[in-house]
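Novice: Here it is, the structure, as structure tokens.
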Amino acid sequence: MTFVHSISRWLRTLNGTDINFRSLGQSGNTVITVPPSGTTFWPGNPRAGYVRIKQSSLGTNGTVNIGVIQATDGTNVANLYPGDIAASANNQYIDSSYLFVYDWGVANINVNIVTANAASTFDIEVVGIR
């Protein structure tokens, strides 16, 4: 299930966004880098915005734990989110948003998602302003 009401669409109605990147159908139990290696945000690196993590599929009895989310400009590294203390309940979908504001432009965001009991996939959306 992809984004029906995306943060990008919401911010555009407020004339607030010029950067939007989506990474769809990503597997858990790995670090997801947005944008992926070899690509960049367009038209420039955001200094503020949102990261949205939406679970697009959930295996039977699957659990999810959003781990540390880090932002970097290539030199500076900051914890955008420190990570969940506990995993979700069985069969509970995840749809969470995280605000970020930095003095430097973000080159990429690393999202760590841990799943257990069953395979799940996730859609990641990063919406920002320069």
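Residue names in the structure tokens use chain letters A, B, ... in the order shown, residue numbers from 1 in each chain, and ligand numbers from 1 in the order shown.
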Can you list, as a PyMOL selection string, every residue of chain A that DSSP puts in strand (DSSP E)?

Specialist: chain A and resi 19-27+30-34+48-58+63-72+77-81+95-101+108-116+120-129

Novice: I want to know what sits within 7 Å of Phe100 of chain A, based on only C-alpha atoms, with residues of the same chain fewer than 5 positions away left out; could you give that as a list in words?

Specialist: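 With the cut-off at 7 Å, the set is Ala48, Gly49, Tyr50 and Leu80 of chain A.
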
Novice: DSSP on the backbone: which residues in chain A end up as helix (DSSP H, G or I)? Give the answer as a PyMOL selection string.

Specialist: chain A and resi 7-13

Novice: Could the residues in this selection be written to a file with N, CA and C atoms, as a PDB file, in the first residue's frame?

Specialist:
ATOM      1  N   ILE A   7       2.930  13.320   3.140  1.00  0.00           N
ATOM      2  CA  ILE A   7       3.351  14.568   3.776  1.00  0.00           C
ATOM      3  C   ILE A   7       3.664  15.601   2.700  1.00  0.00           C
ATOM      4  N   SER A   8       4.245  15.148   1.609  1.00  0.00           N
ATOM      5  CA  SER A   8       4.573  16.058   0.511  1.00  0.00           C
ATOM      6  C   SER A   8       3.325  16.780   0.003  1.00  0.00           C
ATOM      7  N   ARG A   9       2.271  16.045  -0.193  1.00  0.00           N
ATOM      8  CA  ARG A   9       1.023  16.643  -0.688  1.00  0.00           C
ATOM      9  C   ARG A   9       0.481  17.646   0.320  1.00  0.00           C
ATOM     10  N   TRP A  10       0.531  17.296   1.591  1.00  0.00           N
ATOM     11  CA  TRP A  10       0.045  18.173   2.645  1.00  0.00           C
ATOM     12  C   TRP A  10       0.864  19.460   2.695  1.00  0.00           C
ATOM     13  N   LEU A  11       2.182  19.359   2.669  1.00  0.00           N
ATOM     14  CA  LEU A  11       3.033  20.543   2.735  1.00  0.00           C
ATOM     15  C   LEU A  11       2.918  21.402   1.487  1.00  0.00           C
ATOM     16  N   ARG A  12       2.697  20.782   0.331  1.00  0.00           N
ATOM     17  CA  ARG A  12       2.546  21.553  -0.905  1.00  0.00           C
ATOM     18  C   ARG A  12       1.342  22.478  -0.831  1.00  0.00           C
ATOM     19  N   THR A  13       0.283  22.039  -0.151  1.00  0.00           N
ATOM     20  CA  THR A  13      -0.886  22.908  -0.013  1.00  0.00           C
ATOM     21  C   THR A  13      -0.555  24.120   0.833  1.00  0.00           C
TER      22      THR A  13
END

Novice: For Glu125 of chain A, which residue out of A:Asn76, A:Ser37, A:Ser23, A:Asn45 is the nearest one, using only C-alpha atoms?

Specialist: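 With only C-alpha atoms as the atom set, the closest residue is A:Ser23.
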
Novice: Show me, as a ChimeraX atom specification, the residues that have an atom within 9 Å of Tyr102 of chain A when counting only C-alpha atoms, minus same-chain residues fewer than 5 positions from it.

Specialist: /A:46-48,78

Novice: Given the selection you just returned, output its residues as a file containing C-alpha atoms, formatted as a PDB file, in the first residue's frame.

Specialist:
ATOM      1  CA  PRO A  46      16.969  19.794   2.883  1.00  0.00           C
ATOM      2  CA  ARG A  47      17.685  21.555   6.186  1.00  0.00           C
ATOM      3  CA  ALA A  48      14.246  20.768   7.628  1.00  0.00           C
ATOM      4  CA  ALA A  78      22.885  13.572  14.098  1.00  0.00           C
TER       5      ALA A  78
END

Novice: Can you work out which one of A:Thr72, A:Thr60, A:Asn90, A:Ser120 has the shortest atom-to-atom distance to Val34 of chain A, counting only C-alpha atoms?

Specialist: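 Closest candidate: A:Thr72.
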
Novice: So which residues touch Val126 of chain A within 6 Å, counting only C-alpha atoms, skipping near sequence neighbours fewer than 5 positions away, as JSON, numbers by chain?

Specialist: {"A": [20, 21, 50, 51]}

Novice: Just the number, please: distance in Å from atom CA of Ala116 of chain A to atom CA of Gly62 of chain A, one decimal.

Specialist: 5.7 Å

Novice: I'd like the contact shell of Ile109 of chain A - 8 Å cut-off, only C-alpha atoms, skipping same-chain residues fewer than 6 positions apart - returned as a list in words.

Specialist: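 That gives Thr33, Val34, Pro35, Ile69, Gln70, Ala71 and Thr72 of chain A.
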
Novice: Can I get the selection written as a compact mmCIF listing (two decimals), in the first residue's frame, with C-alpha atoms?

Specialist:
# COMPACT_ATOMS: atom_id res chain seq x y z
CA THR A 33 19.51 4.92 3.08
CA VAL A 34 17.43 7.75 1.61
CA PRO A 35 18.29 8.75 -1.02
CA ILE A 69 17.35 7.17 12.41
CA GLN A 70 20.40 9.26 11.55
CA ALA A 71 20.90 12.24 9.27
CA THR A 72 24.23 13.29 7.79

Novice: Please identify all polymer residues within 10 Å of Thr63 of chain A, counting only C-alpha atoms, omitting same-chain residues fewer than 6 positions from it, and present them as a VMD selection string.

Specialist: chain A and resid 86 to 94 114 to 120

Novice: Save out the residues we just selected, N, CA and C atoms, as an mmCIF file, in the first residue's frame.

Specialist:
data_model
loop_
_atom_site.group_PDB
_atom_site.id
_atom_site.type_symbol
_atom_site.label_atom_id
_atom_site.label_comp_id
_atom_site.auth_asym_id
_atom_site.auth_seq_id
_atom_site.Cartn_x
_atom_site.Cartn_y
_atom_site.Cartn_z
ATOM 1 N N ALA A 86 10.689 -0.632 22.551
ATOM 2 C CA ALA A 86 10.148 -1.982 22.383
ATOM 3 C C ALA A 86 9.544 -2.129 20.989
ATOM 4 N N ALA A 87 9.398 -3.369 20.572
ATOM 5 C CA ALA A 87 8.775 -3.658 19.280
ATOM 6 C C ALA A 87 7.269 -3.489 19.377
ATOM 7 N N SER A 88 6.633 -3.341 18.231
ATOM 8 C CA SER A 88 5.180 -3.241 18.177
ATOM 9 C C SER A 88 4.551 -4.574 18.581
ATOM 10 N N ALA A 89 3.262 -4.540 18.803
ATOM 11 C CA ALA A 89 2.518 -5.773 19.059
ATOM 12 C C ALA A 89 2.438 -6.575 17.758
ATOM 13 N N ASN A 90 2.156 -7.870 17.866
ATOM 14 C CA ASN A 90 1.971 -8.697 16.673
ATOM 15 C C ASN A 90 0.876 -8.117 15.787
ATOM 16 N N ASN A 91 1.109 -8.174 14.483
ATOM 17 C CA ASN A 91 0.122 -7.765 13.484
ATOM 18 C C ASN A 91 -0.280 -6.295 13.558
ATOM 19 N N GLN A 92 0.577 -5.430 14.083
ATOM 20 C CA GLN A 92 0.284 -3.999 14.159
ATOM 21 C C GLN A 92 1.090 -3.256 13.103
ATOM 22 N N TYR A 93 0.384 -2.548 12.210
ATOM 23 C CA TYR A 93 1.048 -1.761 11.178
ATOM 24 C C TYR A 93 1.713 -0.529 11.786
ATOM 25 N N ILE A 94 2.815 -0.104 11.181
ATOM 26 C CA ILE A 94 3.547 1.082 11.607
ATOM 27 C C ILE A 94 3.342 2.174 10.563
ATOM 28 N N VAL A 114 13.828 -2.980 12.331
ATOM 29 C CA VAL A 114 14.013 -4.372 12.740
ATOM 30 C C VAL A 114 12.647 -5.053 12.761
ATOM 31 N N THR A 115 12.529 -6.156 12.044
ATOM 32 C CA THR A 115 11.284 -6.923 12.049
ATOM 33 C C THR A 115 11.553 -8.299 12.649
ATOM 34 N N ALA A 116 10.515 -8.899 13.194
ATOM 35 C CA ALA A 116 10.639 -10.247 13.762
ATOM 36 C C ALA A 116 9.378 -11.043 13.433
ATOM 37 N N ASN A 117 9.521 -12.345 13.452
ATOM 38 C CA ASN A 117 8.442 -13.322 13.271
ATOM 39 C C ASN A 117 7.961 -13.472 11.832
ATOM 40 N N ALA A 118 8.019 -12.430 11.029
ATOM 41 C CA ALA A 118 7.549 -12.518 9.644
ATOM 42 C C ALA A 118 8.123 -11.364 8.839
ATOM 43 N N ALA A 119 8.273 -11.575 7.545
ATOM 44 C CA ALA A 119 8.805 -10.539 6.664
ATOM 45 C C ALA A 119 7.774 -9.425 6.472
ATOM 46 N N SER A 120 8.257 -8.205 6.397
ATOM 47 C CA SER A 120 7.426 -7.033 6.143
ATOM 48 C C SER A 120 8.172 -6.109 5.194
#
